[in-house]
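Trainee: Dumping the structure here so I can ask a few things about it.
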Amino acid sequence: EWAGEPGRLLRRRYRKASEIIRNQGKMSCLIVNDIDAGAGRFKQTQATVNCQMVMGTLMNLCDHPNRVAREEDGNLAEYREDDELRRVPIIITGNDLSTLYAPLLRDGRMEKYYWAPTRDEIADMVHAMYKDDDVTRDTVEALVAAHPEQPLDFFGAIRGRMYDAAIKAWTDTFRAETPDPVTGQRHV
């Protein structure tokens, strides 16, 4: 029942973005965030039907951006010549695009922009991540300098572990010396 749903969703969102451009005169785009996490292939895993449909849909959108079939009652309707769409930019993000279907990445079908943040840019992002925790910029810079090869999510995981440790310490204040005779639990 869900087979093909991600491909359908891409087509629907692309058509909606095109309608916004045509009807409202506003620029619009389709953003697929962290595509490698959902549609990438890792090691020797097989591609699912949904993964194959997403790759096929993206390739069709790249090759024929003005011709996207309309859906009626959940089924693809036949393409009509009078149903030309406005071209919509598609922006995908990912950490490892080499896990995607190689023909999707070829020149002419996709332009690739690689961003390698500087240490200052990473420090800016980590400082923004920790802003509600009253962590100074100097502390963040020292943390980033101590872990120069770590990706950004590493620093988010550190923050999560800090919260986990604080919650555990707080719950331990409710810990009884002896277990409850009925439940066997030590927490009050």
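Residue names in the structure tokens use chain letters A, B, ... in the order shown, residue numbers from 1 in each chain, and ligand numbers from 1 in the order shown.
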Within 10 Å of segment 125-135 of chain A, counting only C-alpha atoms, which residues qualify if same-chain residues fewer than 6 places away don't, as a ChimeraX atom specification?
Mentor: /A:117,119,141,143-144,152-156,159
Trainee: So that I can check the surroundings of Ala145 of chain A, please list as a list in words every protein, DNA and RNA residue that reaches within 10 Å of it, counting only C-alpha atoms and ignoring chain neighbours fewer than 5 positions away.
Mentor: Arg119, Ala123, Thr139, Val140 and Gln150 of chain A
Trainee: Just C-alpha atoms for this one: save the residues we selected as a CSV table (one decimal), in the first residue's frame.
Mentor:
chain,number,residue,atom,x,y,z
A,119,ARG,CA,36.6,25.9,11.7
A,123,ALA,CA,32.2,27.2,15.8
A,139,THR,CA,34.3,27.3,25.3
A,140,VAL,CA,32.8,26.4,22.0
A,150,GLN,CA,34.4,15.6,13.9
Trainee: Which residues are close to Leu104 of chain A, i.e. within 12 Å by only C-alpha atoms, leaving aside same-chain residues fewer than 6 positions away? Reply as a PyMOL selection string.
Mentor: chain A and resi 39-40+52+54-63+92+97-98+110-112
Trainee: Grab the residues selected above and save them as a short mmCIF file (atom, residue, chain, number, x, y, z; two decimals), in the first residue's frame with all heavy atoms.
Mentor:
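Final file, again.cif:
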data_model
loop_
_atom_site.label_atom_id
_atom_site.label_comp_id
_atom_site.auth_asym_id
_atom_site.auth_seq_id
_atom_site.Cartn_x
_atom_site.Cartn_y
_atom_site.Cartn_z
N ALA A 39 17.61 7.49 0.65
CA ALA A 39 17.62 6.86 -0.67
C ALA A 39 19.00 6.36 -1.08
O ALA A 39 19.16 5.87 -2.18
CB ALA A 39 17.08 7.84 -1.71
N GLY A 40 19.96 6.50 -0.20
CA GLY A 40 21.31 6.04 -0.52
C GLY A 40 21.44 4.54 -0.33
O GLY A 40 20.63 3.91 0.36
N GLN A 52 14.06 3.00 -5.37
CA GLN A 52 14.13 3.00 -6.83
C GLN A 52 13.16 4.01 -7.43
O GLN A 52 13.49 4.71 -8.40
CB GLN A 52 13.84 1.60 -7.37
CG GLN A 52 14.92 0.60 -7.01
CD GLN A 52 14.52 -0.82 -7.35
OE1 GLN A 52 13.39 -1.09 -7.76
NE2 GLN A 52 15.44 -1.75 -7.17
N VAL A 54 12.07 6.80 -5.99
CA VAL A 54 12.59 8.15 -5.72
C VAL A 54 13.67 8.50 -6.74
O VAL A 54 13.66 9.59 -7.33
CB VAL A 54 13.11 8.28 -4.28
CG1 VAL A 54 13.94 9.52 -4.10
CG2 VAL A 54 11.95 8.26 -3.30
N MET A 55 14.61 7.59 -6.96
CA MET A 55 15.69 7.85 -7.93
C MET A 55 15.11 8.04 -9.33
O MET A 55 15.51 8.97 -10.04
CB MET A 55 16.70 6.70 -7.93
CG MET A 55 17.55 6.62 -6.70
SD MET A 55 18.54 8.09 -6.48
CE MET A 55 18.11 8.50 -4.82
N GLY A 56 14.19 7.18 -9.73
CA GLY A 56 13.58 7.30 -11.05
C GLY A 56 12.80 8.59 -11.21
O GLY A 56 12.88 9.26 -12.24
N THR A 57 12.07 8.97 -10.17
CA THR A 57 11.29 10.22 -10.21
C THR A 57 12.22 11.42 -10.32
O THR A 57 11.99 12.34 -11.12
CB THR A 57 10.39 10.33 -8.97
OG1 THR A 57 9.48 9.22 -8.95
CG2 THR A 57 9.60 11.63 -8.99
N LEU A 58 13.29 11.43 -9.51
CA LEU A 58 14.24 12.55 -9.58
C LEU A 58 14.90 12.62 -10.95
O LEU A 58 15.09 13.71 -11.51
CB LEU A 58 15.30 12.42 -8.49
CG LEU A 58 14.84 12.81 -7.09
CD1 LEU A 58 15.89 12.43 -6.05
CD2 LEU A 58 14.53 14.30 -7.02
N MET A 59 15.25 11.48 -11.53
CA MET A 59 15.86 11.49 -12.87
C MET A 59 14.88 12.03 -13.90
O MET A 59 15.25 12.83 -14.77
CB MET A 59 16.35 10.09 -13.24
CG MET A 59 17.59 9.71 -12.44
SD MET A 59 18.23 8.09 -12.80
CE MET A 59 18.60 8.22 -14.54
N ASN A 60 13.61 11.62 -13.82
CA ASN A 60 12.60 12.13 -14.75
C ASN A 60 12.40 13.63 -14.57
O ASN A 60 12.24 14.37 -15.55
CB ASN A 60 11.27 11.39 -14.57
CG ASN A 60 11.29 10.03 -15.21
OD1 ASN A 60 12.02 9.80 -16.17
ND2 ASN A 60 10.53 9.12 -14.65
N LEU A 61 12.38 14.10 -13.32
CA LEU A 61 12.22 15.53 -13.08
C LEU A 61 13.41 16.32 -13.63
O LEU A 61 13.23 17.43 -14.15
CB LEU A 61 12.06 15.82 -11.59
CG LEU A 61 10.76 15.34 -10.95
CD1 LEU A 61 10.79 15.55 -9.44
CD2 LEU A 61 9.55 16.03 -11.55
N CYS A 62 14.61 15.75 -13.52
CA CYS A 62 15.80 16.43 -14.07
C CYS A 62 15.78 16.44 -15.59
O CYS A 62 16.13 17.44 -16.21
CB CYS A 62 17.07 15.74 -13.58
SG CYS A 62 17.37 15.95 -11.82
N ASP A 63 15.39 15.33 -16.19
CA ASP A 63 15.42 15.21 -17.65
C ASP A 63 14.23 15.90 -18.34
O ASP A 63 14.36 16.38 -19.45
CB ASP A 63 15.45 13.74 -18.06
CG ASP A 63 16.75 13.06 -17.66
OD1 ASP A 63 17.73 13.78 -17.39
OD2 ASP A 63 16.77 11.82 -17.62
N ILE A 92 19.01 19.25 -3.31
CA ILE A 92 19.14 18.11 -2.42
C ILE A 92 20.35 18.33 -1.54
O ILE A 92 21.33 18.94 -1.95
CB ILE A 92 19.25 16.76 -3.17
CG1 ILE A 92 20.52 16.69 -4.02
CG2 ILE A 92 18.04 16.51 -4.04
CD1 ILE A 92 20.81 15.31 -4.56
N LEU A 97 27.01 11.78 -1.17
CA LEU A 97 26.24 11.60 -2.39
C LEU A 97 26.71 10.40 -3.20
O LEU A 97 26.01 9.96 -4.11
CB LEU A 97 26.29 12.87 -3.25
CG LEU A 97 25.68 14.12 -2.61
CD1 LEU A 97 25.74 15.29 -3.57
CD2 LEU A 97 24.26 13.88 -2.15
N SER A 98 27.86 9.82 -2.87
CA SER A 98 28.35 8.65 -3.60
C SER A 98 27.46 7.43 -3.37
O SER A 98 27.56 6.45 -4.10
CB SER A 98 29.79 8.33 -3.22
OG SER A 98 29.86 7.85 -1.88
N MET A 110 22.75 17.22 -12.98
CA MET A 110 22.81 17.83 -11.66
C MET A 110 24.07 18.68 -11.53
O MET A 110 25.13 18.27 -11.99
CB MET A 110 22.83 16.73 -10.60
CG MET A 110 22.95 17.23 -9.19
SD MET A 110 23.17 15.90 -7.99
CE MET A 110 21.60 15.09 -8.09
N GLU A 111 23.91 19.84 -10.93
CA GLU A 111 25.08 20.64 -10.57
C GLU A 111 25.34 20.40 -9.09
O GLU A 111 24.42 20.42 -8.27
CB GLU A 111 24.81 22.13 -10.81
CG GLU A 111 24.74 22.49 -12.27
CD GLU A 111 24.62 23.99 -12.47
OE1 GLU A 111 25.31 24.73 -11.75
OE2 GLU A 111 23.83 24.38 -13.32
N LYS A 112 26.58 20.16 -8.76
CA LYS A 112 26.94 19.85 -7.38
C LYS A 112 27.77 20.97 -6.79
O LYS A 112 28.67 21.49 -7.43
CB LYS A 112 27.71 18.53 -7.33
CG LYS A 112 26.86 17.34 -7.74
CD LYS A 112 27.68 16.12 -8.05
CE LYS A 112 28.30 16.05 -9.40
NZ LYS A 112 27.52 16.19 -10.57
#
Trainee: Need to verify the contact set: Glu5 of chain A, 10 Å, only C-alpha atoms, exclusion of same-chain residues closer than 2 positions in sequence. Can you return it as a ChimeraX atom specification?
Mentor: /A:1-3,7-11,49-50,53-54,74
Trainee: Got a sec to tell me which of chain A DSSP assigns to alpha helix (DSSP H), as a ChimeraX atom specification?
Mentor: /A:5-24,35-39,49-63,102-105,119-129,137-146,152-172
Trainee: Please provide as a list in words all residues within 12 Å of Arg22 of chain A, with the sequence filter that same-chain residues fewer than 5 positions apart are discarded (counting only C-alpha atoms).
Mentor: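 The residues that qualify are Arg15, Lys16, Ala17, Met27, Ser28, Glu84, Leu85, Arg86, Arg87 and Val88 of chain A.
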Trainee: Could you please take those selected residues and save all heavy atoms as a short mmCIF file (atom, residue, chain, number, x, y, z; two decimals), in the first residue's frame?
Mentor:
data_model
loop_
_atom_site.label_atom_id
_atom_site.label_comp_id
_atom_site.auth_asym_id
_atom_site.auth_seq_id
_atom_site.Cartn_x
_atom_site.Cartn_y
_atom_site.Cartn_z
N ARG A 15 4.84 19.55 -8.59
CA ARG A 15 3.72 20.21 -9.27
C ARG A 15 3.21 21.40 -8.45
O ARG A 15 2.90 22.45 -8.99
CB ARG A 15 2.58 19.23 -9.54
CG ARG A 15 2.89 18.20 -10.61
CD ARG A 15 1.66 17.37 -10.96
NE ARG A 15 0.69 18.17 -11.68
CZ ARG A 15 0.70 18.37 -13.00
NH1 ARG A 15 1.64 17.82 -13.74
NH2 ARG A 15 -0.21 19.11 -13.58
N LYS A 16 3.13 21.25 -7.12
CA LYS A 16 2.65 22.34 -6.26
C LYS A 16 3.60 23.54 -6.34
O LYS A 16 3.15 24.68 -6.46
CB LYS A 16 2.55 21.84 -4.81
CG LYS A 16 2.06 22.87 -3.85
CD LYS A 16 0.63 23.25 -4.13
CE LYS A 16 0.11 24.21 -3.07
NZ LYS A 16 -1.20 24.72 -3.39
N ALA A 17 4.91 23.27 -6.30
CA ALA A 17 5.89 24.37 -6.42
C ALA A 17 5.75 25.05 -7.77
O ALA A 17 5.83 26.29 -7.86
CB ALA A 17 7.31 23.83 -6.23
N MET A 27 8.96 32.83 -6.55
CA MET A 27 9.93 31.76 -6.76
C MET A 27 9.67 30.66 -5.75
O MET A 27 9.28 30.91 -4.62
CB MET A 27 11.35 32.27 -6.62
CG MET A 27 11.83 33.02 -7.84
SD MET A 27 11.67 32.08 -9.38
CE MET A 27 12.69 30.67 -9.06
N SER A 28 9.90 29.45 -6.18
CA SER A 28 9.70 28.30 -5.31
C SER A 28 10.73 27.25 -5.69
O SER A 28 11.32 27.30 -6.78
CB SER A 28 8.28 27.76 -5.50
OG SER A 28 8.02 26.74 -4.57
N GLU A 84 1.89 21.87 -19.52
CA GLU A 84 3.29 22.25 -19.31
C GLU A 84 3.45 22.91 -17.95
O GLU A 84 2.66 23.76 -17.57
CB GLU A 84 3.74 23.23 -20.39
CG GLU A 84 4.02 22.58 -21.72
CD GLU A 84 5.43 22.01 -21.82
OE1 GLU A 84 6.38 22.67 -21.37
OE2 GLU A 84 5.55 20.91 -22.36
N LEU A 85 4.50 22.52 -17.24
CA LEU A 85 4.79 23.10 -15.93
C LEU A 85 5.95 24.07 -16.02
O LEU A 85 6.78 23.98 -16.92
CB LEU A 85 5.17 21.99 -14.94
CG LEU A 85 4.10 20.96 -14.62
CD1 LEU A 85 4.68 19.92 -13.67
CD2 LEU A 85 2.90 21.62 -13.99
N ARG A 86 6.01 24.98 -15.05
CA ARG A 86 7.18 25.82 -14.91
C ARG A 86 8.29 24.99 -14.30
O ARG A 86 8.04 24.16 -13.42
CB ARG A 86 6.90 27.01 -13.99
CG ARG A 86 5.85 27.96 -14.51
CD ARG A 86 6.45 28.87 -15.58
NE ARG A 86 5.45 29.74 -16.13
CZ ARG A 86 5.32 31.02 -15.81
NH1 ARG A 86 6.12 31.56 -14.93
NH2 ARG A 86 4.39 31.75 -16.37
N ARG A 87 9.50 25.21 -14.73
CA ARG A 87 10.64 24.47 -14.19
C ARG A 87 10.89 24.90 -12.74
O ARG A 87 10.90 26.09 -12.43
CB ARG A 87 11.87 24.74 -15.03
CG ARG A 87 13.05 23.93 -14.61
CD ARG A 87 14.24 24.22 -15.48
NE ARG A 87 15.26 23.23 -15.19
CZ ARG A 87 16.00 22.64 -16.09
NH1 ARG A 87 15.86 22.94 -17.35
NH2 ARG A 87 16.89 21.75 -15.73
N VAL A 88 11.08 23.92 -11.87
CA VAL A 88 11.29 24.17 -10.44
C VAL A 88 12.68 23.69 -10.06
O VAL A 88 13.03 22.54 -10.32
CB VAL A 88 10.23 23.40 -9.61
CG1 VAL A 88 10.51 23.54 -8.12
CG2 VAL A 88 8.84 23.88 -9.94
#
Trainee: Counting only C-alpha atoms, which of A:Gly160, A:Pro89, A:Pro6, A:Gly38 gets nearest to Arg109 of chain A?
Mentor: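 Once distances to Arg109 of chain A are computed over only C-alpha atoms, the minimum belongs to A:Pro89.
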Trainee: Using Å and a single decimal, report how far atom CA of Gly94 of chain A sits from atom CA of Ser18 of chain A.
Mentor: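 Straight-line distance from atom CA of Ser18 of chain A to atom CA of Gly94 of chain A works out to 23.8 Å.
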